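Text of entry06.cif (mmCIF, C-alpha atoms) as supplied:
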```
data_structure
#
loop_
_atom_site.label_atom_id
_atom_site.label_comp_id
_atom_site.auth_asym_id
_atom_site.auth_seq_id
_atom_site.Cartn_x
_atom_site.Cartn_y
_atom_site.Cartn_z
CA MET A 20 -229.07 -54.54 -85.79
CA CYS A 21 -228.41 -53.46 -82.21
CA MET A 22 -229.98 -56.65 -80.90
CA LEU A 23 -227.64 -58.63 -83.13
CA TYR A 24 -224.72 -56.65 -81.75
CA LYS A 25 -225.78 -57.34 -78.17
CA ARG A 26 -226.24 -61.05 -78.92
CA THR A 27 -222.81 -61.15 -80.51
CA PHE A 28 -221.13 -59.50 -77.58
CA PHE A 29 -222.89 -61.78 -75.12
CA ASP A 30 -221.14 -64.59 -76.97
CA ILE A 31 -217.81 -62.88 -76.29
CA TYR A 32 -218.54 -62.99 -72.57
CA CYS A 33 -219.13 -66.72 -72.96
CA PHE A 34 -215.83 -66.85 -74.83
CA VAL A 35 -214.09 -65.41 -71.78
CA GLN A 36 -215.43 -68.22 -69.65
CA LEU A 37 -214.48 -70.86 -72.20
CA SER A 38 -210.98 -69.44 -72.40
CA ARG A 39 -210.54 -70.26 -68.72
CA SER A 40 -211.45 -73.90 -69.32
CA ASN A 41 -209.27 -76.75 -70.55
CA ILE A 42 -210.28 -76.29 -74.20
CA SER A 43 -207.35 -75.19 -76.32
CA ILE A 44 -207.31 -71.59 -77.49
CA ASP A 45 -207.33 -72.67 -81.15
CA GLN A 46 -210.49 -74.71 -80.56
CA ILE A 47 -212.14 -71.76 -78.82
CA PHE A 48 -211.37 -69.42 -81.72
CA ILE A 49 -212.81 -71.91 -84.23
CA ILE A 50 -216.00 -72.38 -82.18
CA PHE A 51 -216.64 -68.68 -81.75
CA ARG A 52 -215.75 -67.58 -85.25
CA ARG A 53 -218.30 -70.08 -86.55
CA LYS A 54 -220.90 -69.09 -83.96
CA LEU A 55 -220.50 -65.35 -84.52
CA TYR A 56 -220.65 -65.79 -88.28
CA CYS A 57 -223.88 -67.76 -87.99
CA THR A 58 -225.65 -65.56 -85.43
CA SER A 59 -225.13 -62.20 -87.10
CA ASN A 60 -225.29 -61.03 -90.68
CA ALA A 61 -224.21 -57.59 -89.50
CA GLN A 62 -220.65 -56.59 -88.87
CA MET A 63 -219.94 -54.73 -85.66
CA GLU A 64 -217.32 -52.04 -86.26
CA VAL A 65 -215.64 -50.56 -83.20
CA ASP A 66 -212.99 -47.93 -82.55
CA LEU A 67 -211.23 -48.85 -79.29
CA CYS A 68 -208.74 -46.36 -77.85
CA PHE A 69 -206.62 -46.99 -74.77
CA VAL A 70 -205.52 -43.80 -72.98
CA MET A 71 -202.87 -44.41 -70.34
CA ASP A 72 -200.71 -42.55 -67.84
CA CYS A 73 -197.15 -43.51 -68.82
CA THR A 74 -195.21 -41.70 -66.07
CA GLY A 75 -192.78 -43.28 -63.64
CA SER A 76 -195.44 -43.80 -60.97
CA MET A 77 -197.06 -46.36 -63.28
CA GLY A 78 -193.93 -48.52 -63.20
CA ASN A 79 -195.57 -51.35 -61.24
CA TYR A 80 -198.50 -51.48 -63.64
CA ILE A 81 -197.41 -50.48 -67.10
CA GLU A 82 -195.91 -53.78 -68.25
CA GLY A 83 -198.96 -55.64 -66.97
CA VAL A 84 -201.29 -53.20 -68.71
CA LYS A 85 -199.32 -53.47 -71.96
CA LYS A 86 -199.48 -57.26 -71.82
CA SER A 87 -203.20 -57.08 -71.05
CA ILE A 88 -203.82 -54.79 -74.03
CA LYS A 89 -201.90 -57.13 -76.34
CA ILE A 90 -203.95 -60.12 -75.17
CA VAL A 91 -207.19 -58.18 -75.64
CA VAL A 92 -206.09 -57.22 -79.15
CA ASP A 93 -205.37 -60.86 -80.02
CA TYR A 94 -208.75 -61.99 -78.71
CA MET A 95 -210.62 -59.29 -80.59
CA ALA A 96 -208.74 -59.97 -83.82
CA ASN A 97 -210.05 -63.53 -83.74
CA MET A 98 -213.64 -62.30 -83.53
CA GLU A 99 -213.66 -61.30 -87.20
CA PRO A 100 -215.67 -61.20 -89.40
CA ALA A 101 -218.55 -60.52 -86.99
CA ILE A 102 -216.56 -57.92 -85.05
CA ARG A 103 -214.04 -55.64 -86.67
CA ILE A 104 -212.07 -53.46 -84.27
CA ARG A 105 -209.62 -50.66 -84.94
CA ILE A 106 -207.26 -50.15 -82.00
CA GLY A 107 -205.50 -46.96 -80.98
CA PHE A 108 -203.41 -45.71 -78.08
CA CYS A 109 -202.66 -42.37 -76.46
CA GLY A 110 -200.10 -42.30 -73.67
CA TYR A 111 -199.58 -39.15 -71.64
CA ARG A 112 -197.00 -37.96 -69.14
CA ASP A 113 -196.61 -34.41 -67.81
CA HIS A 114 -195.76 -30.92 -69.02
CA CYS A 115 -192.18 -31.20 -67.80
CA ASP A 116 -191.56 -34.10 -70.20
CA GLY A 117 -191.39 -31.97 -73.35
CA SER A 118 -191.57 -33.98 -76.57
CA ASN A 119 -192.24 -37.15 -74.55
CA ARG A 120 -195.40 -35.69 -73.03
CA LEU A 121 -197.66 -37.54 -75.47
CA GLN A 122 -197.20 -40.85 -77.26
CA ILE A 123 -199.93 -41.41 -79.85
CA PHE A 124 -200.58 -44.42 -82.08
CA ASP A 125 -203.52 -43.71 -84.35
CA PHE A 126 -206.16 -46.34 -85.04
CA THR A 127 -205.11 -49.40 -86.99
CA ASN A 128 -206.79 -52.65 -87.94
CA SER A 129 -203.44 -54.44 -87.80
CA PRO A 130 -202.95 -56.13 -84.41
CA GLU A 131 -199.30 -56.83 -85.17
CA ASN A 132 -198.52 -53.20 -86.04
CA PHE A 133 -200.31 -52.03 -82.91
CA LYS A 134 -198.48 -54.46 -80.62
CA SER A 135 -195.16 -53.47 -82.16
CA SER A 136 -195.88 -49.80 -81.48
CA LEU A 137 -197.05 -50.52 -77.94
CA SER A 138 -193.76 -52.26 -77.15
CA SER A 139 -192.01 -48.89 -77.30
CA VAL A 140 -194.06 -47.49 -74.39
CA SER A 141 -192.30 -47.27 -71.03
CA ALA A 142 -193.03 -45.77 -67.62
CA THR A 143 -190.88 -42.66 -67.42
CA GLY A 144 -191.09 -38.98 -66.61
CA GLY A 145 -193.57 -37.04 -64.55
CA GLY A 146 -192.66 -34.53 -61.90
CA ASP A 147 -195.25 -33.63 -59.28
CA THR A 148 -198.19 -35.88 -58.37
CA PRO A 149 -200.79 -34.72 -60.95
CA GLU A 150 -200.25 -35.54 -64.61
CA ASP A 151 -201.34 -34.11 -67.96
CA VAL A 152 -204.59 -36.07 -67.92
CA LEU A 153 -206.57 -33.42 -69.81
CA GLY A 154 -203.86 -33.16 -72.46
CA GLY A 155 -203.93 -36.92 -72.96
CA LEU A 156 -207.70 -37.08 -73.25
CA ASP A 157 -207.78 -34.04 -75.54
CA ALA A 158 -205.21 -35.64 -77.85
CA ALA A 159 -207.16 -38.90 -77.93
CA VAL A 160 -210.34 -37.07 -78.93
CA SER A 161 -208.94 -34.50 -81.36
CA ARG A 162 -205.82 -36.05 -82.86
CA MET A 163 -207.01 -39.57 -83.56
CA THR A 164 -209.12 -40.53 -86.58
CA TRP A 165 -212.34 -41.80 -85.02
CA ARG A 166 -214.44 -43.35 -87.77
CA ASN A 167 -216.67 -46.22 -86.63
CA ASP A 168 -220.08 -45.68 -85.03
CA ILE A 169 -219.17 -47.53 -81.83
CA ARG A 170 -216.43 -45.53 -80.11
CA VAL A 171 -214.83 -46.65 -76.85
CA LEU A 172 -212.18 -44.82 -74.83
CA LEU A 173 -210.74 -46.78 -71.90
CA HIS A 174 -208.61 -44.54 -69.68
CA ILE A 175 -206.13 -46.06 -67.21
CA GLY A 176 -204.27 -43.88 -64.72
CA ASP A 177 -203.13 -43.52 -61.13
CA CYS A 178 -203.08 -39.72 -60.73
CA PRO A 179 -205.49 -36.80 -61.30
CA PRO A 180 -205.20 -33.78 -63.60
CA HIS A 181 -203.58 -30.56 -62.48
CA GLY A 182 -205.57 -28.05 -60.42
CA ARG A 183 -206.98 -27.70 -56.91
CA ARG A 184 -210.30 -28.83 -58.30
CA PHE A 185 -208.86 -32.33 -58.59
CA THR A 186 -206.13 -32.60 -55.95
CA TYR A 187 -204.48 -31.01 -52.93
CA THR A 188 -201.23 -32.90 -53.41
CA ASP A 189 -198.04 -31.19 -54.62
CA ASP A 190 -198.98 -29.49 -57.88
CA SER A 191 -196.85 -27.33 -60.17
CA TYR A 192 -200.04 -25.96 -61.75
CA PRO A 193 -202.56 -25.48 -58.91
CA ASP A 194 -204.66 -23.16 -61.09
CA GLY A 195 -205.21 -25.91 -63.64
CA ASP A 196 -203.91 -26.93 -67.04
CA PRO A 197 -201.19 -24.49 -68.21
CA ASN A 198 -202.43 -24.78 -71.81
CA GLY A 199 -205.91 -23.64 -70.86
CA LEU A 200 -207.66 -26.99 -71.21
CA THR A 201 -210.66 -27.57 -68.97
CA ALA A 202 -212.46 -30.77 -68.04
CA GLU A 203 -215.70 -29.28 -69.37
CA GLY A 204 -214.11 -28.50 -72.72
CA VAL A 205 -212.32 -31.82 -73.19
CA LEU A 206 -215.17 -34.01 -71.98
CA GLY A 207 -217.68 -31.91 -73.92
CA GLU A 208 -215.74 -32.54 -77.13
CA MET A 209 -215.66 -36.22 -76.26
CA GLN A 210 -219.43 -36.31 -75.89
CA SER A 211 -219.92 -34.34 -79.11
CA ALA A 212 -217.82 -36.95 -80.91
CA LYS A 213 -220.07 -39.69 -79.42
CA ILE A 214 -217.14 -41.36 -77.67
CA SER A 215 -218.04 -43.51 -74.66
CA TYR A 216 -215.68 -42.92 -71.72
CA PHE A 217 -214.59 -45.54 -69.18
CA PHE A 218 -211.96 -45.39 -66.45
CA GLY A 219 -209.66 -47.98 -64.89
CA GLU A 220 -208.94 -46.95 -61.30
CA ILE A 221 -205.54 -47.83 -59.85
CA THR A 222 -205.26 -45.60 -56.76
CA GLU A 223 -207.45 -43.52 -54.46
CA LEU A 224 -205.84 -40.36 -55.87
CA THR A 225 -208.31 -40.28 -58.76
CA LYS A 226 -211.49 -40.36 -56.63
CA THR A 227 -212.09 -36.61 -56.89
CA MET A 228 -211.37 -36.65 -60.62
CA ILE A 229 -213.92 -39.41 -61.14
CA SER A 230 -216.52 -37.45 -59.18
CA GLU A 231 -215.84 -34.23 -61.10
CA PHE A 232 -215.94 -36.02 -64.45
CA LYS A 233 -219.29 -37.58 -63.56
CA ASN A 234 -220.65 -34.15 -62.65
CA ILE A 235 -219.82 -33.07 -66.21
CA ILE A 236 -220.78 -36.06 -68.38
CA GLY A 237 -222.94 -38.15 -66.09
CA GLU A 238 -222.37 -41.70 -64.94
CA PHE A 239 -219.74 -43.92 -66.53
CA ASN A 240 -218.26 -47.28 -65.63
CA VAL A 241 -215.21 -47.29 -63.35
CA PHE A 242 -213.22 -50.52 -63.30
CA ASP A 243 -211.27 -51.42 -60.18
CA PHE A 244 -207.66 -52.26 -61.04
CA ARG A 245 -206.38 -51.47 -57.56
CA SER A 246 -204.07 -53.96 -55.84
CA THR A 247 -203.63 -56.07 -59.00
CA PRO A 248 -200.23 -55.16 -60.46
CA ASP A 249 -199.49 -58.88 -60.99
CA THR A 250 -199.90 -59.72 -64.65
CA GLU A 251 -202.30 -62.65 -64.33
CA GLY A 252 -204.81 -60.83 -62.14
CA LEU A 253 -204.58 -57.65 -64.18
CA VAL A 254 -205.07 -59.45 -67.50
CA GLU A 255 -208.29 -61.05 -66.26
CA LYS A 256 -209.67 -57.76 -64.91
CA PHE A 257 -208.55 -55.82 -67.96
CA PHE A 258 -210.13 -58.24 -70.42
CA ASP A 259 -213.43 -58.21 -68.54
CA ALA A 260 -213.32 -54.39 -68.35
CA THR A 261 -212.71 -54.05 -72.09
CA CYS A 262 -215.57 -56.40 -72.97
CA SER A 263 -217.86 -54.59 -70.55
CA ALA A 264 -216.89 -51.19 -71.98
CA ILE A 265 -217.64 -52.26 -75.56
CA ASN A 266 -220.91 -53.90 -74.53
CA THR A 267 -221.99 -50.73 -72.70
CA ALA A 268 -221.06 -48.55 -75.69
CA ILE A 269 -223.19 -50.76 -77.94
CA THR A 270 -226.15 -50.42 -75.57
CA LEU A 271 -225.75 -46.63 -75.46
CA ARG A 272 -225.93 -46.49 -79.26
CA GLU A 273 -229.47 -47.90 -79.26
#
```
Go ahead and render the structure in this file as C-alpha cells.
Amino acid sequence: MCMLYKRTFFDIYCFVQLSRSNISIDQIFIIFRRKLYCTSNAQMEVDLCFVMDCTGSMGNYIEGVKKSIKIVVDYMANMEPAIRIRIGFCGYRDHCDGSNRLQIFDFTNSPENFKSSLSSVSATGGGDTPEDVLGGLDAAVSRMTWRNDIRVLLHIGDCPPHGRRFTYTDDSYPDGDPNGLTAEGVLGEMQSAKISYFFGEITELTKTMISEFKNIIGEFNVFDFRSTPDTEGLVEKFFDATCSAINTAITLRE
C-alpha cells in the first residue's frame, strides 16, 4: 500500500508541473483524477494541519500564506478519490493577547468551510519579539482531532518561542513559557501522536529554535520562505513545500 501511496504522490508532483503549463486547470484535474483512480485501489487519508504565527510581525506574509493555503486546499480537494485530506488550522499569537492568543479550526473535509474560517484570520497582536510558539504547537497536537494514519503539521512563523534557550531578543518571559510548557514536552507529545513536523522559515530569528527542535526530535524538513512575501512566489514555494511534507510523511510511515 505504501508503494501505491508513493506512486500516487509522485503523480501530484507531476501535476504541479502541468499546472504551470498552458493546459487549462479543468483539463489538469480531469487528467489526474482519472490517473490517480486507475493507479491506486487504495485511498490515501491524510490529516494536514497548518500552524501559523498570526501576530502583527507577520503582516507582510499572512495574506500571501492564507491565499497559498486556500490554493493548496483546492488542489488537494480535486485529488479525490485517491487522496482524501482533512485540513485544520491553529493560529497563535502571544500571551498578552488574551482570548485572541489562539485561533483554532479543527479538521474538516470541507474545503469551503475551511476557507471561510481561514478568511477570519488576520495579523494582529504580539508584544515582544518571541511569540507563544509552544502554546500554538501544543494546541495543534492536543486540541485537534487527529484521526488519519498520515499526519502532517506544517508550521509557519517568523519568531521563536519565549526563553533564553531560543532567543536573546527582548523577551517578557526570559525563563521560558509562563504556562510551564517545554519544547521537550510539546514535541514529545507530537512524536507520540505520530505527527510529522515541518517548518516554513521566514526570518533568521528562528535559526536557534530550529536547531533546538532538531536536537529533541531529530531532523525535519525546513522550507525556505524568506524574501518571498509576494503572493505569486509564496504560492509556488508553499505548494511545493506542502506536497513535499506529505510525501515525506508517507515515506516515514513505511
Hits of the PyMOL selection byres ((chain A and resi 120) around 12) in this structure, as a ChimeraX atom specification: /A:71-74,109-119,121-123,140,142-146,150-155,158
Selection dump of the PyMOL selection byres ((chain A and resi 125) around 10), as a ChimeraX atom specification: /A:68,105-109,122-124,126-127,133,159,162-165
Expected file contents, prior selection, C-alpha atoms, as a PDB file, in the coordinates of the input:
```pdb
ATOM      1  CA  CYS A  68    -208.740 -46.360 -77.850  1.00  0.00           C
ATOM      2  CA  ARG A 105    -209.620 -50.660 -84.940  1.00  0.00           C
ATOM      3  CA  ILE A 106    -207.260 -50.150 -82.000  1.00  0.00           C
ATOM      4  CA  GLY A 107    -205.500 -46.960 -80.980  1.00  0.00           C
ATOM      5  CA  PHE A 108    -203.410 -45.710 -78.080  1.00  0.00           C
ATOM      6  CA  CYS A 109    -202.660 -42.370 -76.460  1.00  0.00           C
ATOM      7  CA  GLN A 122    -197.200 -40.850 -77.260  1.00  0.00           C
ATOM      8  CA  ILE A 123    -199.930 -41.410 -79.850  1.00  0.00           C
ATOM      9  CA  PHE A 124    -200.580 -44.420 -82.080  1.00  0.00           C
ATOM     10  CA  PHE A 126    -206.160 -46.340 -85.040  1.00  0.00           C
ATOM     11  CA  THR A 127    -205.110 -49.400 -86.990  1.00  0.00           C
ATOM     12  CA  PHE A 133    -200.310 -52.030 -82.910  1.00  0.00           C
ATOM     13  CA  ALA A 159    -207.160 -38.900 -77.930  1.00  0.00           C
ATOM     14  CA  ARG A 162    -205.820 -36.050 -82.860  1.00  0.00           C
ATOM     15  CA  MET A 163    -207.010 -39.570 -83.560  1.00  0.00           C
ATOM     16  CA  THR A 164    -209.120 -40.530 -86.580  1.00  0.00           C
ATOM     17  CA  TRP A 165    -212.340 -41.800 -85.020  1.00  0.00           C
TER      18      TRP A 165
END
```
Residue among A:Ala268, A:Leu253, A:Ile175, A:Leu156 lying closest to Ile90 of chain A, counting all atoms listed in the file: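 So, comparing all the options, the nearest one is A:Leu253.
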What does the PyMOL selection byres ((chain A and resi 185) around 6) select in this file, as a PDB file with C-alpha atoms, in the frame of the given file?
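New file result-v9.pdb:
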```pdb
ATOM      1  CA  GLY A 182    -205.570 -28.050 -60.420  1.00  0.00           C
ATOM      2  CA  ARG A 183    -206.980 -27.700 -56.910  1.00  0.00           C
ATOM      3  CA  ARG A 184    -210.300 -28.830 -58.300  1.00  0.00           C
ATOM      4  CA  THR A 186    -206.130 -32.600 -55.950  1.00  0.00           C
ATOM      5  CA  THR A 227    -212.090 -36.610 -56.890  1.00  0.00           C
ATOM      6  CA  MET A 228    -211.370 -36.650 -60.620  1.00  0.00           C
TER       7      MET A 228
END
```
Nearest to Asp259 of chain A by atom-to-atom distance, counting all atoms listed in the file, from A:Ser161, A:Arg166, A:Ile88, A:Leu200: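 Going through A:Ser161, A:Arg166, A:Ile88, A:Leu200 one by one, the smallest distance to Asp259 of chain A is for A:Ile88.
The space between atom CA of Thr270 of chain A and atom CA of Val84 of chain A spans 25.9 Å.
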Minimum-distance residue to Ser138 of chain A, chosen among A:Arg170, A:Lys89, A:Arg103, A:His181 (using all atoms listed in the file): A:Lys89
Ile214 of chain A environment, 7 Å, all atoms listed in the file, sequence neighbours closer than 3 positions dropped, as a PyMOL selection string: chain A and resi 170-172+209-210
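Computed from the coordinates, the atom CA of Gly75 of chain A to atom CA of Phe217 of chain A distance equals 22.6 Å.
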Protein, DNA and RNA residues within 12 Å of (-209.5, -58.4, -63.0), all atoms listed in the file, as a PyMOL selection string: chain A and resi 83-84+87+219-221+242-263
Distance in Å - atom CA of Pro130 of chain A versus atom CA of Met77 of chain A: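 Separation between atom CA of Pro130 of chain A and atom CA of Met77 of chain A: 24.0 Å.
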Given only C-alpha atoms as the counted atoms, nearest of A:Phe218, A:Pro193, A:Leu137, A:Asn240 to Asn266 of chain A: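 Ranked by minimum distance to Asn266 of chain A, first place goes to A:Asn240.
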Residue with smallest distance to Leu173 of chain A - pool A:Tyr216, A:Asp196, A:Asp66, A:Ile102, counting only C-alpha atoms: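 For Leu173 of chain A, the nearest of the candidates is A:Tyr216.
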Could you add the missing atoms to segment 211-242 of chain A, up to N, CA and C atoms, and return them as a PDB file, in the coordinates of the input?
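Here's the written file result.pdb:
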```pdb
ATOM      1  N   SER A 211    -219.499 -34.779 -77.774  1.00  0.00           N
ATOM      2  CA  SER A 211    -219.920 -34.340 -79.110  1.00  0.00           C
ATOM      3  C   SER A 211    -219.486 -35.331 -80.182  1.00  0.00           C
ATOM      4  N   ALA A 212    -218.335 -35.963 -79.958  1.00  0.00           N
ATOM      5  CA  ALA A 212    -217.820 -36.950 -80.910  1.00  0.00           C
ATOM      6  C   ALA A 212    -218.437 -38.332 -80.689  1.00  0.00           C
ATOM      7  N   LYS A 213    -219.367 -38.428 -79.725  1.00  0.00           N
ATOM      8  CA  LYS A 213    -220.070 -39.690 -79.420  1.00  0.00           C
ATOM      9  C   LYS A 213    -219.096 -40.796 -79.010  1.00  0.00           C
ATOM     10  N   ILE A 214    -218.112 -40.407 -78.204  1.00  0.00           N
ATOM     11  CA  ILE A 214    -217.140 -41.360 -77.670  1.00  0.00           C
ATOM     12  C   ILE A 214    -217.559 -41.737 -76.257  1.00  0.00           C
ATOM     13  N   SER A 215    -217.670 -43.022 -75.988  1.00  0.00           N
ATOM     14  CA  SER A 215    -218.040 -43.510 -74.660  1.00  0.00           C
ATOM     15  C   SER A 215    -216.791 -43.622 -73.793  1.00  0.00           C
ATOM     16  N   TYR A 216    -216.840 -42.999 -72.609  1.00  0.00           N
ATOM     17  CA  TYR A 216    -215.680 -42.920 -71.720  1.00  0.00           C
ATOM     18  C   TYR A 216    -215.801 -43.923 -70.582  1.00  0.00           C
ATOM     19  N   PHE A 217    -214.673 -44.600 -70.293  1.00  0.00           N
ATOM     20  CA  PHE A 217    -214.590 -45.540 -69.180  1.00  0.00           C
ATOM     21  C   PHE A 217    -213.240 -45.340 -68.497  1.00  0.00           C
ATOM     22  N   PHE A 218    -213.195 -45.634 -67.196  1.00  0.00           N
ATOM     23  CA  PHE A 218    -211.960 -45.390 -66.450  1.00  0.00           C
ATOM     24  C   PHE A 218    -211.542 -46.613 -65.659  1.00  0.00           C
ATOM     25  N   GLY A 219    -210.235 -46.917 -65.699  1.00  0.00           N
ATOM     26  CA  GLY A 219    -209.660 -47.980 -64.890  1.00  0.00           C
ATOM     27  C   GLY A 219    -208.932 -47.368 -63.707  1.00  0.00           C
ATOM     28  N   GLU A 220    -209.461 -47.581 -62.513  1.00  0.00           N
ATOM     29  CA  GLU A 220    -208.940 -46.950 -61.300  1.00  0.00           C
ATOM     30  C   GLU A 220    -207.819 -47.782 -60.689  1.00  0.00           C
ATOM     31  N   ILE A 221    -206.694 -47.141 -60.405  1.00  0.00           N
ATOM     32  CA  ILE A 221    -205.540 -47.830 -59.850  1.00  0.00           C
ATOM     33  C   ILE A 221    -205.246 -47.394 -58.417  1.00  0.00           C
ATOM     34  N   THR A 222    -205.500 -46.106 -58.110  1.00  0.00           N
ATOM     35  CA  THR A 222    -205.260 -45.600 -56.760  1.00  0.00           C
ATOM     36  C   THR A 222    -206.434 -44.723 -56.310  1.00  0.00           C
ATOM     37  N   GLU A 223    -206.425 -44.392 -55.024  1.00  0.00           N
ATOM     38  CA  GLU A 223    -207.450 -43.520 -54.460  1.00  0.00           C
ATOM     39  C   GLU A 223    -207.275 -42.069 -54.914  1.00  0.00           C
ATOM     40  N   LEU A 224    -206.127 -41.740 -55.489  1.00  0.00           N
ATOM     41  CA  LEU A 224    -205.840 -40.360 -55.870  1.00  0.00           C
ATOM     42  C   LEU A 224    -206.776 -39.829 -56.951  1.00  0.00           C
ATOM     43  N   THR A 225    -207.440 -40.720 -57.661  1.00  0.00           N
ATOM     44  CA  THR A 225    -208.310 -40.280 -58.760  1.00  0.00           C
ATOM     45  C   THR A 225    -209.781 -40.183 -58.354  1.00  0.00           C
ATOM     46  N   LYS A 226    -210.090 -40.380 -57.081  1.00  0.00           N
ATOM     47  CA  LYS A 226    -211.490 -40.360 -56.630  1.00  0.00           C
ATOM     48  C   LYS A 226    -212.167 -39.029 -56.951  1.00  0.00           C
ATOM     49  N   THR A 227    -211.493 -37.917 -56.627  1.00  0.00           N
ATOM     50  CA  THR A 227    -212.090 -36.610 -56.890  1.00  0.00           C
ATOM     51  C   THR A 227    -212.254 -36.371 -58.378  1.00  0.00           C
ATOM     52  N   MET A 228    -211.270 -36.781 -59.169  1.00  0.00           N
ATOM     53  CA  MET A 228    -211.370 -36.650 -60.620  1.00  0.00           C
ATOM     54  C   MET A 228    -212.588 -37.394 -61.149  1.00  0.00           C
ATOM     55  N   ILE A 229    -212.780 -38.614 -60.693  1.00  0.00           N
ATOM     56  CA  ILE A 229    -213.920 -39.410 -61.140  1.00  0.00           C
ATOM     57  C   ILE A 229    -215.225 -38.690 -60.818  1.00  0.00           C
ATOM     58  N   SER A 230    -215.314 -38.159 -59.597  1.00  0.00           N
ATOM     59  CA  SER A 230    -216.520 -37.450 -59.180  1.00  0.00           C
ATOM     60  C   SER A 230    -216.762 -36.207 -60.038  1.00  0.00           C
ATOM     61  N   GLU A 231    -215.706 -35.436 -60.288  1.00  0.00           N
ATOM     62  CA  GLU A 231    -215.840 -34.230 -61.100  1.00  0.00           C
ATOM     63  C   GLU A 231    -216.220 -34.568 -62.542  1.00  0.00           C
ATOM     64  N   PHE A 232    -215.611 -35.607 -63.087  1.00  0.00           N
ATOM     65  CA  PHE A 232    -215.940 -36.020 -64.450  1.00  0.00           C
ATOM     66  C   PHE A 232    -217.410 -36.433 -64.546  1.00  0.00           C
ATOM     67  N   LYS A 233    -217.894 -37.150 -63.540  1.00  0.00           N
ATOM     68  CA  LYS A 233    -219.290 -37.580 -63.560  1.00  0.00           C
ATOM     69  C   LYS A 233    -220.243 -36.393 -63.447  1.00  0.00           C
ATOM     70  N   ASN A 234    -219.825 -35.355 -62.732  1.00  0.00           N
ATOM     71  CA  ASN A 234    -220.650 -34.150 -62.650  1.00  0.00           C
ATOM     72  C   ASN A 234    -220.798 -33.489 -64.023  1.00  0.00           C
ATOM     73  N   ILE A 235    -219.815 -33.709 -64.884  1.00  0.00           N
ATOM     74  CA  ILE A 235    -219.820 -33.070 -66.210  1.00  0.00           C
ATOM     75  C   ILE A 235    -220.542 -33.920 -67.246  1.00  0.00           C
ATOM     76  N   ILE A 236    -220.232 -35.219 -67.302  1.00  0.00           N
ATOM     77  CA  ILE A 236    -220.780 -36.060 -68.380  1.00  0.00           C
ATOM     78  C   ILE A 236    -221.756 -37.116 -67.900  1.00  0.00           C
ATOM     79  N   GLY A 237    -222.032 -37.140 -66.604  1.00  0.00           N
ATOM     80  CA  GLY A 237    -222.940 -38.150 -66.090  1.00  0.00           C
ATOM     81  C   GLY A 237    -222.202 -39.437 -65.732  1.00  0.00           C
ATOM     82  N   GLU A 238    -222.960 -40.450 -65.397  1.00  0.00           N
ATOM     83  CA  GLU A 238    -222.370 -41.700 -64.940  1.00  0.00           C
ATOM     84  C   GLU A 238    -221.574 -42.399 -66.040  1.00  0.00           C
ATOM     85  N   PHE A 239    -220.500 -43.054 -65.636  1.00  0.00           N
ATOM     86  CA  PHE A 239    -219.740 -43.920 -66.530  1.00  0.00           C
ATOM     87  C   PHE A 239    -219.140 -45.036 -65.690  1.00  0.00           C
ATOM     88  N   ASN A 240    -218.799 -46.134 -66.341  1.00  0.00           N
ATOM     89  CA  ASN A 240    -218.260 -47.280 -65.630  1.00  0.00           C
ATOM     90  C   ASN A 240    -216.825 -47.013 -65.165  1.00  0.00           C
ATOM     91  N   VAL A 241    -216.562 -47.361 -63.914  1.00  0.00           N
ATOM     92  CA  VAL A 241    -215.210 -47.290 -63.350  1.00  0.00           C
ATOM     93  C   VAL A 241    -214.800 -48.704 -62.978  1.00  0.00           C
ATOM     94  N   PHE A 242    -213.699 -49.163 -63.546  1.00  0.00           N
ATOM     95  CA  PHE A 242    -213.220 -50.520 -63.300  1.00  0.00           C
ATOM     96  C   PHE A 242    -212.113 -50.499 -62.257  1.00  0.00           C
TER      97      PHE A 242
END
```
